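Source file my_file01.cif; content: mmCIF, C-alpha atoms.
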```cif
data_final
loop_
_atom_site.group_PDB
_atom_site.id
_atom_site.type_symbol
_atom_site.label_atom_id
_atom_site.label_comp_id
_atom_site.auth_asym_id
_atom_site.auth_seq_id
_atom_site.Cartn_x
_atom_site.Cartn_y
_atom_site.Cartn_z
ATOM 1 C CA ALA A 1 -28.953 11.271 -26.345
ATOM 2 C CA VAL A 2 -27.301 8.195 -27.802
ATOM 3 C CA HIS A 3 -23.665 7.775 -26.829
ATOM 4 C CA GLU A 4 -21.353 6.346 -29.421
ATOM 5 C CA ALA A 5 -18.846 3.719 -28.298
ATOM 6 C CA TRP A 6 -15.279 4.956 -27.901
ATOM 7 C CA LYS A 7 -13.154 4.330 -30.982
ATOM 8 C CA PHE A 8 -9.413 4.719 -31.228
ATOM 9 C CA GLU A 9 -9.707 6.202 -34.720
ATOM 10 C CA LYS A 10 -11.860 9.100 -33.430
ATOM 11 C CA SER A 11 -10.024 9.638 -30.138
ATOM 12 C CA SER A 12 -7.259 12.036 -29.218
ATOM 13 C CA PHE A 13 -4.890 9.076 -29.691
ATOM 14 C CA LYS A 14 -5.740 8.685 -33.387
ATOM 15 C CA ASP A 15 -2.299 9.926 -34.513
ATOM 16 C CA TYR A 16 -0.446 7.574 -32.168
ATOM 17 C CA GLN A 17 1.300 4.746 -34.000
ATOM 18 C CA ARG A 18 0.107 1.438 -32.591
ATOM 19 C CA ASP A 19 2.494 -1.431 -32.061
ATOM 20 C CA THR A 20 2.630 -3.785 -34.997
ATOM 21 C CA GLU A 21 4.169 -7.193 -35.515
ATOM 22 C CA GLN A 22 6.897 -5.546 -37.603
ATOM 23 C CA ILE A 23 7.820 -3.179 -34.763
ATOM 24 C CA PHE A 24 8.268 -6.114 -32.398
ATOM 25 C CA ILE A 25 10.376 -7.967 -34.965
ATOM 26 C CA SER A 26 12.585 -4.897 -35.464
ATOM 27 C CA CYS A 27 12.956 -4.407 -31.706
ATOM 28 C CA PHE A 28 13.784 -8.084 -31.219
ATOM 29 C CA ASP A 29 16.424 -7.997 -33.961
ATOM 30 C CA HIS A 30 17.975 -4.891 -32.393
ATOM 31 C CA ASP A 31 17.931 -6.349 -28.884
ATOM 32 C CA LEU A 32 19.452 -9.614 -30.054
ATOM 33 C CA ALA A 33 22.247 -7.740 -31.846
ATOM 34 C CA ALA A 34 22.884 -5.470 -28.842
ATOM 35 C CA SER A 35 23.000 -8.313 -26.321
ATOM 36 C CA LYS A 36 25.725 -10.869 -25.720
ATOM 37 C CA LEU A 37 23.334 -13.744 -26.509
ATOM 38 C CA GLY A 38 24.907 -14.545 -29.877
ATOM 39 C CA LYS A 39 28.302 -15.183 -28.287
ATOM 40 C CA TYR A 40 26.688 -17.203 -25.491
ATOM 41 C CA VAL A 41 24.734 -19.415 -27.888
ATOM 42 C CA ASP A 42 27.769 -19.947 -30.120
ATOM 43 C CA LYS A 43 29.872 -20.987 -27.125
ATOM 44 C CA TYR A 44 27.426 -23.094 -25.106
ATOM 45 C CA LEU A 45 24.585 -24.156 -27.417
ATOM 46 C CA LYS A 46 26.221 -25.082 -30.671
ATOM 47 C CA GLY A 47 23.602 -25.666 -33.353
ATOM 48 C CA ALA A 48 20.722 -24.442 -31.194
ATOM 49 C CA GLY A 49 20.899 -20.823 -32.362
ATOM 50 C CA PRO A 50 18.212 -20.797 -35.082
ATOM 51 C CA PRO A 51 15.519 -22.642 -33.066
ATOM 52 C CA LEU A 52 16.283 -20.526 -29.993
ATOM 53 C CA VAL A 53 16.055 -17.275 -31.962
ATOM 54 C CA ALA A 54 12.776 -18.407 -33.555
ATOM 55 C CA HIS A 55 11.357 -19.244 -30.124
ATOM 56 C CA LEU A 56 12.463 -15.929 -28.624
ATOM 57 C CA ARG A 57 11.088 -13.973 -31.588
ATOM 58 C CA LYS A 58 7.728 -15.739 -31.195
ATOM 59 C CA HIS A 59 7.500 -14.859 -27.475
ATOM 60 C CA TYR A 60 9.251 -11.485 -27.545
ATOM 61 C CA GLN A 61 6.075 -9.409 -27.213
ATOM 62 C CA SER A 62 5.043 -11.251 -24.030
ATOM 63 C CA LEU A 63 8.539 -10.969 -22.561
ATOM 64 C CA MET A 64 8.579 -7.245 -23.200
ATOM 65 C CA ALA A 65 5.127 -6.829 -21.668
ATOM 66 C CA ALA A 66 6.499 -8.368 -18.455
ATOM 67 C CA PHE A 67 9.622 -6.187 -18.692
ATOM 68 C CA HIS A 68 7.667 -2.961 -19.216
ATOM 69 C CA ALA A 69 5.063 -3.727 -16.557
ATOM 70 C CA ARG A 70 7.694 -4.276 -13.879
ATOM 71 C CA THR A 71 10.195 -1.649 -15.049
ATOM 72 C CA PHE A 72 7.750 1.238 -15.270
ATOM 73 C CA ARG A 73 5.656 0.400 -12.196
ATOM 74 C CA GLY A 74 6.045 3.446 -9.983
ATOM 75 C CA PHE A 75 8.825 4.958 -12.138
ATOM 76 C CA GLN A 76 8.675 8.760 -11.865
ATOM 77 C CA GLN A 77 12.229 9.919 -12.543
ATOM 78 C CA LEU A 78 12.793 12.715 -15.026
ATOM 79 C CA ARG A 79 16.579 12.626 -15.424
ATOM 80 C CA VAL A 80 17.390 8.920 -15.707
ATOM 81 C CA SER A 81 16.282 6.057 -17.927
ATOM 82 C CA ALA A 82 14.081 3.366 -16.453
ATOM 83 C CA GLY A 83 15.795 0.056 -15.823
ATOM 84 C CA LEU A 84 14.573 -3.241 -14.445
ATOM 85 C CA SER A 85 15.946 -3.614 -10.933
ATOM 86 C CA LEU A 86 17.224 -6.850 -9.452
ATOM 87 C CA LEU A 87 14.095 -6.939 -7.299
ATOM 88 C CA GLY A 88 11.939 -6.464 -10.396
ATOM 89 C CA PHE A 89 13.786 -9.253 -12.198
ATOM 90 C CA THR A 90 13.257 -11.541 -9.204
ATOM 91 C CA ASP A 91 9.567 -10.566 -9.101
ATOM 92 C CA ILE A 92 9.113 -11.575 -12.752
ATOM 93 C CA LEU A 93 10.812 -14.901 -12.067
ATOM 94 C CA SER A 94 8.805 -15.498 -8.889
ATOM 95 C CA VAL A 95 5.502 -15.666 -10.732
ATOM 96 C CA ARG A 96 4.191 -19.201 -10.953
ATOM 97 C CA VAL A 97 4.849 -20.424 -14.479
ATOM 98 C CA GLU A 98 2.919 -22.713 -16.764
ATOM 99 C CA ALA A 99 5.594 -24.117 -19.024
ATOM 100 C CA ALA A 100 6.547 -27.383 -20.626
ATOM 101 C CA GLU A 101 8.424 -29.860 -18.456
ATOM 102 C CA PRO A 102 7.738 -33.542 -17.763
ATOM 103 C CA SER A 103 7.209 -34.766 -14.243
ATOM 104 C CA ARG A 104 9.938 -36.447 -12.225
ATOM 105 C CA ASP A 105 7.850 -39.610 -12.219
ATOM 106 C CA ALA A 106 8.157 -39.864 -15.987
ATOM 107 C CA GLY A 107 11.919 -40.115 -15.540
ATOM 108 C CA GLN A 108 12.535 -37.311 -17.995
ATOM 109 C CA ALA A 109 13.207 -33.669 -17.155
ATOM 110 C CA GLN A 110 14.481 -32.503 -13.796
ATOM 111 C CA PRO A 111 15.083 -28.981 -12.476
ATOM 112 C CA GLN A 112 18.341 -27.604 -13.805
ATOM 113 C CA GLY A 113 20.758 -26.299 -11.250
ATOM 114 C CA THR A 114 23.936 -27.037 -9.446
ATOM 115 C CA GLY A 115 24.469 -30.501 -8.104
ATOM 116 C CA ALA A 116 26.411 -31.465 -5.006
ATOM 117 C CA LYS A 117 29.715 -31.171 -6.875
ATOM 118 C CA GLY A 118 28.802 -27.966 -8.714
ATOM 119 C CA GLY A 119 27.831 -29.756 -11.931
ATOM 120 C CA THR A 120 24.606 -29.269 -13.773
ATOM 121 C CA LYS A 121 21.599 -31.501 -14.038
ATOM 122 C CA ALA A 122 20.285 -31.487 -17.587
ATOM 123 C CA ARG A 123 16.726 -31.701 -18.874
ATOM 124 C CA LYS A 124 15.195 -33.887 -21.531
ATOM 125 C CA ALA A 125 12.283 -33.266 -23.911
ATOM 126 C CA THR A 126 9.426 -31.215 -22.494
ATOM 127 C CA GLU A 127 5.749 -31.874 -21.934
ATOM 128 C CA SER A 128 4.056 -29.855 -19.180
ATOM 129 C CA TYR A 129 5.187 -28.123 -15.994
ATOM 130 C CA SER A 130 3.591 -25.837 -13.446
ATOM 131 C CA GLY A 131 5.616 -24.287 -10.683
ATOM 132 C CA PRO A 132 8.037 -21.597 -9.597
ATOM 133 C CA VAL A 133 11.324 -20.921 -11.361
ATOM 134 C CA PHE A 134 13.219 -21.047 -8.075
ATOM 135 C CA CYS A 135 13.555 -24.370 -6.284
ATOM 136 C CA SER A 136 16.096 -26.283 -4.207
ATOM 137 C CA ASP A 137 18.095 -27.104 -7.356
ATOM 138 C CA PHE A 138 17.867 -23.549 -8.705
ATOM 139 C CA PRO A 139 18.240 -20.947 -5.930
ATOM 140 C CA GLN A 140 17.636 -17.244 -6.401
ATOM 141 C CA SER A 141 21.373 -16.547 -6.103
ATOM 142 C CA LEU A 142 21.889 -18.057 -9.586
ATOM 143 C CA ALA A 143 19.387 -15.589 -11.031
ATOM 144 C CA ASP A 144 21.225 -12.764 -9.254
ATOM 145 C CA THR A 145 24.465 -13.832 -10.963
ATOM 146 C CA VAL A 146 22.775 -13.916 -14.385
ATOM 147 C CA PHE A 147 21.330 -10.434 -13.740
ATOM 148 C CA ILE A 148 24.761 -9.029 -12.894
ATOM 149 C CA GLY A 149 26.358 -10.641 -15.954
ATOM 150 C CA ALA A 150 23.692 -9.221 -18.279
ATOM 151 C CA ASN A 151 24.233 -5.759 -16.804
ATOM 152 C CA VAL A 152 27.832 -5.740 -18.077
ATOM 153 C CA LEU A 153 28.022 -4.093 -21.503
ATOM 154 C CA ASP A 154 29.942 -5.533 -24.428
ATOM 155 C CA LYS A 155 32.148 -2.526 -25.233
ATOM 156 C CA GLY A 156 33.244 -4.205 -28.482
ATOM 157 C CA ASN A 157 29.674 -4.138 -29.811
ATOM 158 C CA LYS A 158 29.309 -1.246 -32.266
ATOM 159 C CA LEU A 159 25.690 -0.698 -31.182
ATOM 160 C CA MET A 160 26.895 0.456 -27.743
ATOM 161 C CA LYS A 161 28.146 3.701 -29.277
ATOM 162 C CA GLU A 162 24.531 4.560 -30.197
ATOM 163 C CA MET A 163 23.260 3.866 -26.673
ATOM 164 C CA THR A 164 23.339 7.194 -24.892
ATOM 165 C CA ALA A 165 20.511 6.743 -22.391
ATOM 166 C CA LEU A 166 21.082 3.364 -20.767
ATOM 167 C CA PRO A 167 19.774 3.107 -17.202
ATOM 168 C CA ASN A 168 22.254 3.865 -14.427
ATOM 169 C CA GLN A 169 20.811 1.017 -12.404
ATOM 170 C CA GLY A 170 19.012 -2.051 -13.634
ATOM 171 C CA LEU A 171 18.608 -3.720 -16.993
ATOM 172 C CA CYS A 172 17.491 -2.111 -20.214
ATOM 173 C CA ARG A 173 15.369 -4.045 -22.715
ATOM 174 C CA PHE A 174 18.165 -5.918 -24.523
ATOM 175 C CA GLN A 175 19.873 -6.773 -21.232
ATOM 176 C CA PHE A 176 16.609 -8.189 -19.893
ATOM 177 C CA LEU A 177 16.225 -10.357 -23.002
ATOM 178 C CA GLU A 178 19.753 -11.655 -22.428
ATOM 179 C CA ALA A 179 19.290 -12.270 -18.695
ATOM 180 C CA PHE A 180 15.908 -13.946 -19.071
ATOM 181 C CA THR A 181 17.134 -16.190 -21.891
ATOM 182 C CA LYS A 182 20.347 -17.222 -20.141
ATOM 183 C CA LEU A 183 18.423 -17.968 -16.984
ATOM 184 C CA ALA A 184 15.854 -20.046 -18.888
ATOM 185 C CA ILE A 185 18.639 -21.987 -20.592
ATOM 186 C CA GLN A 186 20.333 -22.698 -17.270
ATOM 187 C CA ARG A 187 17.092 -23.610 -15.503
ATOM 188 C CA TYR A 188 15.385 -25.596 -18.264
ATOM 189 C CA GLN A 189 18.258 -26.667 -20.498
ATOM 190 C CA LEU A 190 17.430 -29.575 -22.800
ATOM 191 C CA THR A 191 19.788 -32.489 -23.304
#
```
Write the structure described by the file as structure tokens, please.
Amino acid sequence: AVHEAWKFEKSSFKDYQRDTEQIFISCFDHDLAASKLGKYVDKYLKGAGPPLVAHLRKHYQSLMAAFHARTFRGFQQLRVSAGLSLLGFTDILSVRVEAAEPSRDAGQAQPQGTGAKGGTKARKATESYSGPVFCSDFPQSLADTVFIGANVLDKGNKLMKEMTALPNQGLCRFQFLEAFTKLAIQRYQLT
């Protein structure tokens, strides 16, 4: 007997709606509107809103894959919504990253974090970087603070009235987008 290769279209999943680019765009737009990112960008990154939003939209699917993988790993609750725990957030950030950042030798970008007097060290244009998010200039405690801030809801946001199943503990999808973005801005901020 000849076995035919498995095909989605003929499987028991055939009626399941696959993720499309449009679904991710709609989810991103919703998450951006539900988060406090707009206010943050307006206050701290004047003029950087459109390029930041375009960058986030481009990488949203990958960010959500990381969020879902860590949030739903081992989740078996029936009465509460899944949320990304602080440990899960730290786990995502502890993965070695391959991102753009020039070397210290080039005299350009440096790790962003608090200096001796509590100020921030800024970054310049990016090239290539490989390494952990956390370092001596950017301790894990700063990520913890960002996590806690993202977990606070904006009660003035009209979308919050529609949110009836937010997780009791941890971050939901839009809060993760906010926390991850704020942390990236603080860690890798461009000058």
Checklist entry - In terms of the shortest atom-to-atom distance over all atoms listed in the file, which of A:Ala165, A:Val152, A:Leu171, A:Leu183 is closest to A:Val133? => result A:Leu183
Checklist entry - Do you know which residues are at most 9 Å from A:Phe28 counting all atoms listed in the file, after dropping those on the same chain fewer than 3 positions away, and could you put them as an MDAnalysis selection string? => result chainID A and resid 23:25 31:33 56:57 60:61 174 177
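Of the residues under consideration (A:Gln76, A:Ser85, A:Thr181, A:Ser94), A:Ser94 shows the shortest atom-to-atom contact distance to A:Cys135 when counting only C-alpha atoms.
Shortest separation to A:Gly83 among A:Tyr40, A:Phe134, A:Thr164, A:Asn151 occurs at residue A:Asn151, atoms counted being all atoms listed in the file.
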Item to check | Residues in the PyMOL selection byres ((chain A and resi 136-150) around 9), expressed as number ranges by chain | outcome: A: 35-36, 86, 89-90, 93, 111-115, 121, 133-135, 151-153, 170-171, 174-180, 182-183, 186-187
Next on the checklist: Could you tell me how far atom CA of A:Lys43 sits from atom CA of A:Met160, in Å to one decimal place?
Outcome noted: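 Atom-to-atom, atom CA of A:Met160 and atom CA of A:Lys43 are spaced 21.7 Å apart.
Atom CA of A:Leu159 sits 20.7 Å away from atom CA of A:Gly49.
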Checklist entry - So how many Å separate atom CA of A:Pro50 and atom CA of A:Asp29, to one decimal? => result 13.0 Å
